[in-house]
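Undergrad: File name query24.txt; file contents compact mmCIF, C-alpha atoms and all ligand atoms; full text below.
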```
# COMPACT_ATOMS: atom_id res chain seq x y z
CA MET A 9 30.42 27.17 7.64
CA THR A 10 31.04 24.28 5.23
CA THR A 11 30.15 25.16 1.69
CA THR A 12 29.20 22.53 -0.86
CA VAL A 13 29.62 22.93 -4.60
CA VAL A 14 26.73 21.61 -6.67
CA LEU A 15 28.02 21.21 -10.22
CA LYS A 16 25.66 20.64 -13.14
CA LEU A 17 27.27 19.04 -16.14
CA GLY A 18 24.94 19.99 -18.96
CA GLY A 19 23.68 17.26 -21.23
CA SER A 20 24.89 19.32 -24.17
CA LEU A 21 28.37 19.29 -22.64
CA VAL A 22 28.69 15.58 -21.88
CA THR A 23 26.83 14.32 -24.96
CA GLU A 24 26.40 15.40 -28.55
CA LYS A 25 22.84 16.62 -28.21
CA THR A 26 22.00 16.34 -31.93
CA LYS A 27 23.15 12.67 -32.22
CA PRO A 28 21.30 9.93 -30.26
CA PHE A 29 23.35 8.22 -27.54
CA SER A 30 26.62 9.94 -28.35
CA ILE A 31 28.96 10.64 -25.47
CA ARG A 32 31.70 13.25 -25.56
CA PHE A 33 34.40 11.00 -24.08
CA SER A 34 37.24 13.48 -24.60
CA VAL A 35 35.29 16.21 -22.78
CA LEU A 36 34.50 13.85 -19.90
CA LYS A 37 38.15 12.81 -19.56
CA ARG A 38 39.29 16.42 -19.48
CA LEU A 39 36.55 17.32 -16.98
CA ALA A 40 37.72 14.42 -14.81
CA GLN A 41 41.25 15.86 -14.73
CA GLU A 42 39.99 19.33 -13.80
CA LEU A 43 37.77 17.85 -11.11
CA VAL A 44 40.65 15.84 -9.62
CA LYS A 45 42.75 19.02 -9.36
CA ALA A 46 39.88 21.09 -7.92
CA TYR A 47 38.91 18.34 -5.47
CA LYS A 48 42.50 18.15 -4.18
CA GLU A 49 43.27 21.87 -4.15
CA CYS A 50 40.01 23.71 -3.47
CA CYS A 51 36.95 21.78 -2.44
CA SER A 52 36.26 18.19 -1.49
CA ARG A 53 32.50 18.70 -1.03
CA ILE A 54 31.27 18.41 -4.60
CA ILE A 55 27.91 17.07 -5.76
CA ILE A 56 27.64 16.41 -9.49
CA VAL A 57 24.34 16.45 -11.35
CA HIS A 58 24.25 15.73 -15.07
CA GLY A 59 21.62 16.36 -17.70
CA GLY A 60 19.94 14.13 -20.24
CA GLY A 61 21.51 15.27 -23.50
CA SER A 62 21.06 12.81 -26.35
CA PHE A 63 20.14 10.05 -23.85
CA GLY A 64 17.13 11.15 -21.75
CA HIS A 65 15.85 13.86 -24.07
CA TYR A 66 16.10 11.62 -27.14
CA VAL A 67 14.33 8.66 -25.49
CA VAL A 68 11.46 10.84 -24.25
CA LYS A 69 11.12 12.44 -27.66
CA GLU A 70 11.08 9.05 -29.43
CA HIS A 71 8.28 7.87 -27.13
CA GLY A 72 6.34 11.11 -27.53
CA GLY A 73 6.35 11.67 -23.78
CA ILE A 74 6.39 9.52 -20.66
CA ASP A 75 2.82 8.23 -20.71
CA THR A 76 3.65 4.57 -21.31
CA ALA A 77 5.43 2.04 -19.14
CA SER A 78 8.11 1.47 -21.76
CA ALA A 79 8.76 5.21 -22.07
CA VAL A 80 9.30 5.43 -18.31
CA THR A 81 11.47 2.33 -17.98
CA GLN A 82 13.61 3.16 -21.00
CA THR A 83 14.14 6.78 -20.01
CA ILE A 84 15.27 5.71 -16.56
CA MET A 85 17.40 2.92 -17.97
CA PHE A 86 19.24 5.15 -20.44
CA MET A 87 19.78 7.90 -17.86
CA ARG A 88 21.28 5.34 -15.47
CA GLU A 89 23.45 4.07 -18.30
CA LEU A 90 24.76 7.59 -18.98
CA SER A 91 25.37 8.10 -15.27
CA MET A 92 27.32 4.85 -14.97
CA ILE A 93 29.51 5.78 -17.94
CA ILE A 94 30.26 9.20 -16.44
CA SER A 95 30.92 7.67 -13.03
CA ASP A 96 33.22 4.99 -14.54
CA ILE A 97 35.31 7.59 -16.34
CA PHE A 98 35.56 9.83 -13.28
CA THR A 99 36.45 6.91 -11.02
CA SER A 100 39.17 5.80 -13.42
CA TYR A 101 40.80 9.21 -12.85
CA GLY A 102 40.65 8.72 -9.08
CA LEU A 103 37.48 10.61 -8.21
CA PRO A 104 35.50 8.75 -5.52
CA THR A 105 32.11 9.01 -7.23
CA VAL A 106 28.92 7.30 -6.16
CA VAL A 107 25.76 7.37 -8.28
CA PHE A 108 22.45 8.09 -6.56
CA ASP A 109 19.46 7.30 -8.77
CA THR A 110 17.35 10.45 -8.54
CA HIS A 111 14.00 8.63 -8.90
CA ALA A 112 14.85 6.50 -5.82
CA LEU A 113 15.50 9.55 -3.61
CA ALA A 114 12.67 11.81 -4.73
CA VAL A 115 8.92 12.23 -5.05
CA ILE A 116 6.60 14.79 -6.65
CA ARG A 117 3.86 16.32 -4.51
CA ASN A 118 1.67 19.14 -5.87
CA ASN A 119 4.10 19.29 -8.77
CA ASP A 120 6.92 20.16 -6.32
CA LEU A 121 10.12 18.12 -6.06
CA TYR A 122 10.93 16.57 -2.67
CA LEU A 123 14.43 15.15 -2.45
CA PHE A 124 15.76 13.03 0.42
CA ILE A 125 19.24 14.51 0.70
CA GLU A 126 20.45 12.86 3.92
CA PRO A 127 22.26 9.96 2.20
CA ILE A 128 23.90 12.44 -0.19
CA LEU A 129 25.19 14.49 2.74
CA LYS A 130 26.47 11.39 4.55
CA SER A 131 28.40 10.37 1.45
CA LEU A 132 29.95 13.87 1.26
CA ASP A 133 31.05 13.51 4.88
CA LEU A 134 33.00 10.41 3.79
CA GLY A 135 34.78 12.42 1.09
CA LEU A 136 32.76 10.86 -1.73
CA ILE A 137 31.41 12.69 -4.77
CA PRO A 138 27.71 11.93 -5.26
CA ILE A 139 26.37 11.93 -8.81
CA LEU A 140 22.68 12.50 -9.53
CA TYR A 141 20.98 13.09 -12.86
CA GLY A 142 17.91 14.57 -14.53
CA ASP A 143 15.31 11.82 -14.30
CA ILE A 144 11.67 10.80 -14.15
CA VAL A 145 10.37 11.33 -10.64
CA PHE A 146 7.23 9.55 -9.48
CA GLY A 147 4.36 11.26 -7.72
CA GLU A 148 0.66 12.17 -7.98
CA LYS A 149 1.72 13.57 -11.31
CA THR A 150 4.89 11.78 -12.39
CA ARG A 151 7.11 14.09 -14.41
CA ILE A 152 10.58 14.67 -15.81
CA VAL A 153 12.78 16.58 -13.42
CA SER A 154 15.66 18.36 -15.09
CA GLY A 155 19.16 18.22 -13.67
CA ASP A 156 18.86 22.00 -13.33
CA GLU A 157 15.95 21.64 -10.91
CA ILE A 158 17.86 19.05 -8.88
CA VAL A 159 20.79 21.45 -8.57
CA TRP A 160 18.56 24.32 -7.42
CA CYS A 161 16.61 22.08 -5.06
CA ILE A 162 19.73 20.62 -3.40
CA GLY A 163 21.34 24.07 -3.26
CA SER A 164 18.38 25.55 -1.42
CA LYS A 165 18.42 22.75 1.17
CA LEU A 166 22.11 22.91 2.08
CA THR A 167 23.22 25.41 4.72
CA SER A 168 25.73 26.92 2.31
CA SER A 169 26.02 26.10 -1.37
CA ARG A 170 27.56 27.31 -4.63
CA LEU A 171 25.71 26.34 -7.80
CA LEU A 172 27.84 25.94 -10.91
CA PHE A 173 26.23 25.23 -14.27
CA ALA A 174 28.68 23.98 -16.90
CA THR A 175 27.27 24.14 -20.42
CA THR A 176 28.45 24.82 -23.99
CA VAL A 177 28.28 28.62 -24.07
CA ASP A 178 30.17 31.18 -21.95
CA GLY A 179 27.06 32.08 -19.96
CA VAL A 180 23.77 33.90 -20.49
CA TYR A 181 23.60 36.20 -23.50
CA ASP A 182 21.10 38.97 -24.13
CA LYS A 183 19.91 36.99 -27.18
CA ASP A 184 20.66 33.76 -29.06
CA PRO A 185 24.44 33.35 -28.56
CA SER A 186 24.86 32.35 -32.21
CA GLU A 187 23.77 35.86 -33.27
CA PRO A 188 26.94 37.85 -34.10
CA ASP A 189 25.92 40.84 -31.93
CA ALA A 190 24.84 38.78 -28.88
CA LYS A 191 26.40 40.09 -25.66
CA LEU A 192 27.48 37.97 -22.72
CA LEU A 193 25.86 39.18 -19.50
CA ASP A 194 28.43 39.12 -16.67
CA VAL A 195 25.68 39.56 -14.12
CA VAL A 196 22.05 38.52 -14.49
CA ARG A 197 19.51 39.56 -11.85
CA LEU A 198 16.13 37.93 -11.44
CA SER A 199 14.55 41.19 -12.51
CA ASP A 200 16.49 41.08 -15.84
CA PHE A 201 15.15 37.72 -16.99
CA LYS A 202 12.21 39.23 -18.86
CA ASP A 203 14.57 41.16 -21.19
CA ILE A 204 16.59 38.12 -22.30
CA LEU A 205 15.76 36.41 -25.58
CA PHE A 206 16.16 32.65 -25.58
CA SER A 207 16.51 30.50 -28.67
CA SER A 208 15.50 26.87 -28.49
CA THR A 209 18.29 24.45 -27.60
CA GLN A 210 19.88 22.64 -30.55
CA GLY A 211 19.15 18.92 -30.69
CA TYR A 212 16.77 16.98 -28.49
CA ASP A 213 15.38 18.86 -25.48
CA VAL A 214 12.22 18.10 -23.53
CA THR A 215 12.83 20.21 -20.43
CA GLY A 216 13.49 23.91 -20.83
CA GLY A 217 17.03 24.79 -21.85
CA MET A 218 18.76 27.95 -20.64
CA ARG A 219 15.44 29.66 -19.85
CA LEU A 220 14.53 26.98 -17.30
CA LYS A 221 17.97 27.15 -15.66
CA LEU A 222 17.25 30.79 -14.86
CA GLU A 223 13.53 30.61 -14.14
CA LEU A 224 14.09 28.03 -11.41
CA ALA A 225 15.79 30.84 -9.47
CA TYR A 226 12.36 32.41 -8.75
CA LYS A 227 11.35 29.31 -6.85
CA TYR A 228 14.57 28.16 -5.26
CA TYR A 229 16.98 31.10 -4.74
CA SER A 230 17.52 31.47 -0.99
CA GLU A 231 20.00 32.86 1.54
CA ASN A 232 21.79 29.50 1.62
CA ILE A 233 22.82 29.83 -2.01
CA LYS A 234 26.02 31.90 -1.97
CA GLU A 235 26.82 31.89 -5.66
CA VAL A 236 25.26 30.87 -8.98
CA VAL A 237 27.56 30.72 -12.00
CA ILE A 238 26.85 29.65 -15.58
CA PHE A 239 29.99 28.95 -17.62
CA ASN A 240 31.45 27.10 -20.58
CA GLY A 241 32.65 23.62 -19.65
CA LEU A 242 34.00 23.06 -23.17
CA ILE A 243 36.84 25.49 -22.54
CA GLU A 244 39.77 23.86 -20.79
CA GLY A 245 40.35 25.11 -17.25
CA ARG A 246 36.98 26.79 -16.71
CA THR A 247 35.49 24.00 -14.63
CA TYR A 248 38.53 24.03 -12.34
CA GLU A 249 38.33 27.83 -12.12
CA ALA A 250 34.60 27.75 -11.38
CA ILE A 251 35.07 25.29 -8.51
CA CYS A 252 38.08 27.16 -7.14
CA GLY A 253 36.27 30.52 -7.42
CA THR A 254 38.65 32.15 -9.90
CA ILE A 255 36.54 32.10 -13.05
CA THR A 256 36.10 35.43 -14.84
CA ARG A 257 34.45 34.58 -18.18
CA CYS A 258 30.95 33.53 -17.09
CA SER A 259 27.54 34.85 -16.00
CA ARG A 260 26.71 35.26 -12.33
CA VAL A 261 23.05 34.98 -11.43
CA LEU A 262 22.10 37.29 -8.58
CA ARG A 263 18.89 37.50 -6.64
CA TYR A 264 18.74 41.32 -6.42
P1 LIG B 1 20.81 19.73 -20.73
O1 LIG B 1 19.54 20.54 -20.59
O2 LIG B 1 20.69 18.63 -21.74
O3 LIG B 1 21.34 19.25 -19.46
P2 LIG B 1 22.58 22.05 -20.76
O4 LIG B 1 22.36 22.16 -19.30
O5 LIG B 1 23.99 22.09 -21.24
O6 LIG B 1 21.91 20.75 -21.37
P3 LIG B 1 20.89 23.48 -22.58
O7 LIG B 1 19.51 23.16 -22.17
O8 LIG B 1 21.41 22.79 -23.81
O9 LIG B 1 21.87 23.28 -21.37
O10 LIG B 1 21.03 25.05 -22.73
C1 LIG B 1 22.21 25.63 -23.22
C2 LIG B 1 21.92 26.17 -24.59
O11 LIG B 1 21.04 27.27 -24.47
C3 LIG B 1 23.13 26.69 -25.32
O12 LIG B 1 23.56 25.75 -26.27
C4 LIG B 1 22.62 27.97 -26.00
O13 LIG B 1 22.78 27.94 -27.39
C5 LIG B 1 21.14 28.01 -25.67
N1 LIG B 1 20.65 29.37 -25.44
C6 LIG B 1 19.49 29.85 -25.94
N2 LIG B 1 19.31 31.13 -25.60
C7 LIG B 1 20.38 31.50 -24.87
C8 LIG B 1 20.79 32.73 -24.24
N3 LIG B 1 20.04 33.85 -24.30
N4 LIG B 1 21.95 32.73 -23.56
C9 LIG B 1 22.72 31.61 -23.47
N5 LIG B 1 22.39 30.43 -24.06
C10 LIG B 1 21.24 30.36 -24.76
O1 LIG B 2 18.94 17.61 -19.33
C1 LIG B 2 16.53 15.94 -18.38
O2 LIG B 2 17.48 16.63 -17.55
P1 LIG B 2 18.15 17.96 -18.13
C2 LIG B 2 16.41 14.46 -17.99
O3 LIG B 2 19.00 18.50 -17.03
C3 LIG B 2 15.57 13.67 -18.91
O4 LIG B 2 17.04 18.93 -18.47
C4 LIG B 2 15.11 12.40 -18.39
C5 LIG B 2 15.24 14.01 -20.11
```
I'd like the structure from this file rewritten - as structure tokens, please.

TA:
Amino acid sequence: MTTTVVLKLGGSLVTEKTKPFSIRFSVLKRLAQELVKAYKECCSRIIIVHGGGSFGHYVVKEHGGIDTASAVTQTIMFMRELSMIISDIFTSYGLPTVVFDTHALAVIRNNDLYLFIEPILKSLDLGLIPILYGDIVFGEKTRIVSGDEIVWCIGSKLTSSRLLFATTVDGVYDKDPSEPDAKLLDVVRLSDFKDILFSSTQGYDVTGGMRLKLELAYKYYSENIKEVVIFNGLIEGRTYEAICGTITRCSRVLRY
């Protein structure tokens, strides 16, 4: 069975989430190198999804929501901009990336996300690396769809997937990771979620932070999803290890 890695690059990893429109170029360049190595050595079926960071989240916050035409157009425009920058950097390191605008492949019905994944799969068959991003998705009730939801949604539709969430902390902690006595949870089961304390994300955030990443499991976790790992993409080597299945410092999210 062919397994596909769906890698979320957190907005807090690829941008400075407290500073509007600030990209972490050095992090992206290092991630590109790790991805090149992992793509060559371990897995050529990789879908990348990135978050909004100080692009999407900041624009939505500045507009006070997405109720106006300019809020919608600017949010989409800045998310595309961020995606193009990421794609340009990755391509310059030799990764065959292709950006798929999420809003053009998706629709919201009854508040649920429907994603047309066929073109994404066809691009994977050609050895390409599709990039999607957290975005505004149109529907009866147009809403912001986080990159996390896109990862879970794609993962549940593929016959075999591994979901890897790269962020700025080593994984899920029992409480705010900045607390000195916070403990990293190696394994997190759906039934444990209620005992975890979440602090609000630093900087601009209009989706749902670490809590949302986990809560989406209730809706989307299925037999097709073979592995869910949350890890620190700021630490050199961890993204390579996560893709190649050798990572040890992380949290694994299990269904039961
Ligand atoms: P984005 O949502 O912009 O794509 P991201 O995917 O990197 O970004 P965040 O939404 O920023 O993720 O969530 C990660 C943040 O969640 C960390 O910076 C961390 O401080 C915070 N956090 C809050 N509570 C916890 C917890 N119990 N365990 C781990 N992280 C937590
Ligand atoms: O950062 C949010 O995606 P996320 C996208 O993955 C927008 O939650 C448009 C704010």

Undergrad: What is the distance, in Å and to one decimal place, between atom CA of Ser154 of chain A and atom O1 of ligand LIG 1 (chain B)?

TA: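 About the pair atom CA of Ser154 of chain A and atom O1 of ligand LIG 1 (chain B): they are 7.1 Å apart.
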
Undergrad: Would you name the residues within 9 Å of ligand LIG 2 (chain B), counting only C-alpha atoms and all ligand atoms, and put them as a PyMOL selection string?

TA: chain A and resi 16-20+57-69+83-84+86-87+141-144+152-158+213-217+220-221

Undergrad: Kindly export the residues of the current selection with C-alpha atoms, as a PDB file, in the coordinates of the input.

TA:
```
ATOM      1  CA  LYS A  16      25.660  20.640 -13.140  1.00  0.00           C
ATOM      2  CA  LEU A  17      27.270  19.040 -16.140  1.00  0.00           C
ATOM      3  CA  GLY A  18      24.940  19.990 -18.960  1.00  0.00           C
ATOM      4  CA  GLY A  19      23.680  17.260 -21.230  1.00  0.00           C
ATOM      5  CA  SER A  20      24.890  19.320 -24.170  1.00  0.00           C
ATOM      6  CA  VAL A  57      24.340  16.450 -11.350  1.00  0.00           C
ATOM      7  CA  HIS A  58      24.250  15.730 -15.070  1.00  0.00           C
ATOM      8  CA  GLY A  59      21.620  16.360 -17.700  1.00  0.00           C
ATOM      9  CA  GLY A  60      19.940  14.130 -20.240  1.00  0.00           C
ATOM     10  CA  GLY A  61      21.510  15.270 -23.500  1.00  0.00           C
ATOM     11  CA  SER A  62      21.060  12.810 -26.350  1.00  0.00           C
ATOM     12  CA  PHE A  63      20.140  10.050 -23.850  1.00  0.00           C
ATOM     13  CA  GLY A  64      17.130  11.150 -21.750  1.00  0.00           C
ATOM     14  CA  HIS A  65      15.850  13.860 -24.070  1.00  0.00           C
ATOM     15  CA  TYR A  66      16.100  11.620 -27.140  1.00  0.00           C
ATOM     16  CA  VAL A  67      14.330   8.660 -25.490  1.00  0.00           C
ATOM     17  CA  VAL A  68      11.460  10.840 -24.250  1.00  0.00           C
ATOM     18  CA  LYS A  69      11.120  12.440 -27.660  1.00  0.00           C
ATOM     19  CA  THR A  83      14.140   6.780 -20.010  1.00  0.00           C
ATOM     20  CA  ILE A  84      15.270   5.710 -16.560  1.00  0.00           C
ATOM     21  CA  PHE A  86      19.240   5.150 -20.440  1.00  0.00           C
ATOM     22  CA  MET A  87      19.780   7.900 -17.860  1.00  0.00           C
ATOM     23  CA  TYR A 141      20.980  13.090 -12.860  1.00  0.00           C
ATOM     24  CA  GLY A 142      17.910  14.570 -14.530  1.00  0.00           C
ATOM     25  CA  ASP A 143      15.310  11.820 -14.300  1.00  0.00           C
ATOM     26  CA  ILE A 144      11.670  10.800 -14.150  1.00  0.00           C
ATOM     27  CA  ILE A 152      10.580  14.670 -15.810  1.00  0.00           C
ATOM     28  CA  VAL A 153      12.780  16.580 -13.420  1.00  0.00           C
ATOM     29  CA  SER A 154      15.660  18.360 -15.090  1.00  0.00           C
ATOM     30  CA  GLY A 155      19.160  18.220 -13.670  1.00  0.00           C
ATOM     31  CA  ASP A 156      18.860  22.000 -13.330  1.00  0.00           C
ATOM     32  CA  GLU A 157      15.950  21.640 -10.910  1.00  0.00           C
ATOM     33  CA  ILE A 158      17.860  19.050  -8.880  1.00  0.00           C
ATOM     34  CA  ASP A 213      15.380  18.860 -25.480  1.00  0.00           C
ATOM     35  CA  VAL A 214      12.220  18.100 -23.530  1.00  0.00           C
ATOM     36  CA  THR A 215      12.830  20.210 -20.430  1.00  0.00           C
ATOM     37  CA  GLY A 216      13.490  23.910 -20.830  1.00  0.00           C
ATOM     38  CA  GLY A 217      17.030  24.790 -21.850  1.00  0.00           C
ATOM     39  CA  LEU A 220      14.530  26.980 -17.300  1.00  0.00           C
ATOM     40  CA  LYS A 221      17.970  27.150 -15.660  1.00  0.00           C
TER      41      LYS A 221
END
```

Undergrad: Could you give me the residues within 6 Å of ligand LIG 1 (chain B), counting only C-alpha atoms and all ligand atoms, as number ranges by chain?

TA: A: 18-21, 59-61, 175-177, 179-185, 204-209, 217-218

Undergrad: Which of these residues is nearest to His111 of chain A, using all atoms listed in the file: A:Met85, A:Leu242, A:Ile97, A:Leu90?

TA: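 Answer, going by the shortest atom-to-atom distance: A:Met85.
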
Undergrad: Using Å and a single decimal, report how far atom CA of Tyr226 of chain A sits from atom CA of Leu113 of chain A.

TA: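 It comes out at 23.6 Å.
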
Undergrad: Point out the residue among A:Leu166, A:Ala77, A:Cys161, A:Ile55 with the least atom-to-atom distance to Asn232 of chain A, counting only C-alpha atoms.

TA: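 Closest to Asn232 of chain A of all the choices is A:Leu166.
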
Undergrad: What lies within 10 Å of Thr11 of chain A using all atoms listed in the file, ignoring chain neighbours under 3 positions off, as a ChimeraX atom specification?

TA: /A:14,51-54,166-170,232-234

Undergrad: Using all atoms listed in the file, which protein or nucleic acid residues come within 7 Å of Leu123 of chain A? Drop anything in the same chain fewer than 2 positions from it, and give the result as a count of residues only.

TA: 5

Undergrad: Restricting the calculation to only C-alpha atoms, which member of A:Val236, A:Val13, A:Ile137, A:Ile128 is positioned closest to Ala40 of chain A?

TA: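 Comparing A:Val236, A:Val13, A:Ile137, A:Ile128 against Ala40 of chain A, the winner is A:Ile137.
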
Undergrad: Please measure the separation of atom CA of Glu49 of chain A and atom CA of Arg263 of chain A, giving the value in Å to one decimal.

TA: 29.1 Å

Undergrad: Which residue gives the smallest distance to Ile93 of chain A among A:Ile251, A:Val107, A:Val44, A:Ile162, with all atoms listed in the file counted?

TA: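 Closest to Ile93 of chain A of all the choices is A:Val107.
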
Undergrad: Name the closest residue to Leu15 of chain A among the candidates A:Leu129, A:Leu193, A:Ile238, A:Leu103; distances are taken between atoms, counting all atoms listed in the file.

TA: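 Among the listed residues, the smallest separation from Leu15 of chain A belongs to A:Ile238.
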
Undergrad: Might you pull out every residue within 8 Å of Tyr248 of chain A, with all atoms listed in the file counted and same-chain residues fewer than 2 positions away left off, and present them as a ChimeraX atom specification?

TA: /A:42-43,45-46,245-246,250-252

Undergrad: Could you tell me which of A:Ser199, A:Ser95, A:Asn119, A:Thr254 comes closest to Ile56 of chain A if we count all atoms listed in the file?

TA: A:Ser95
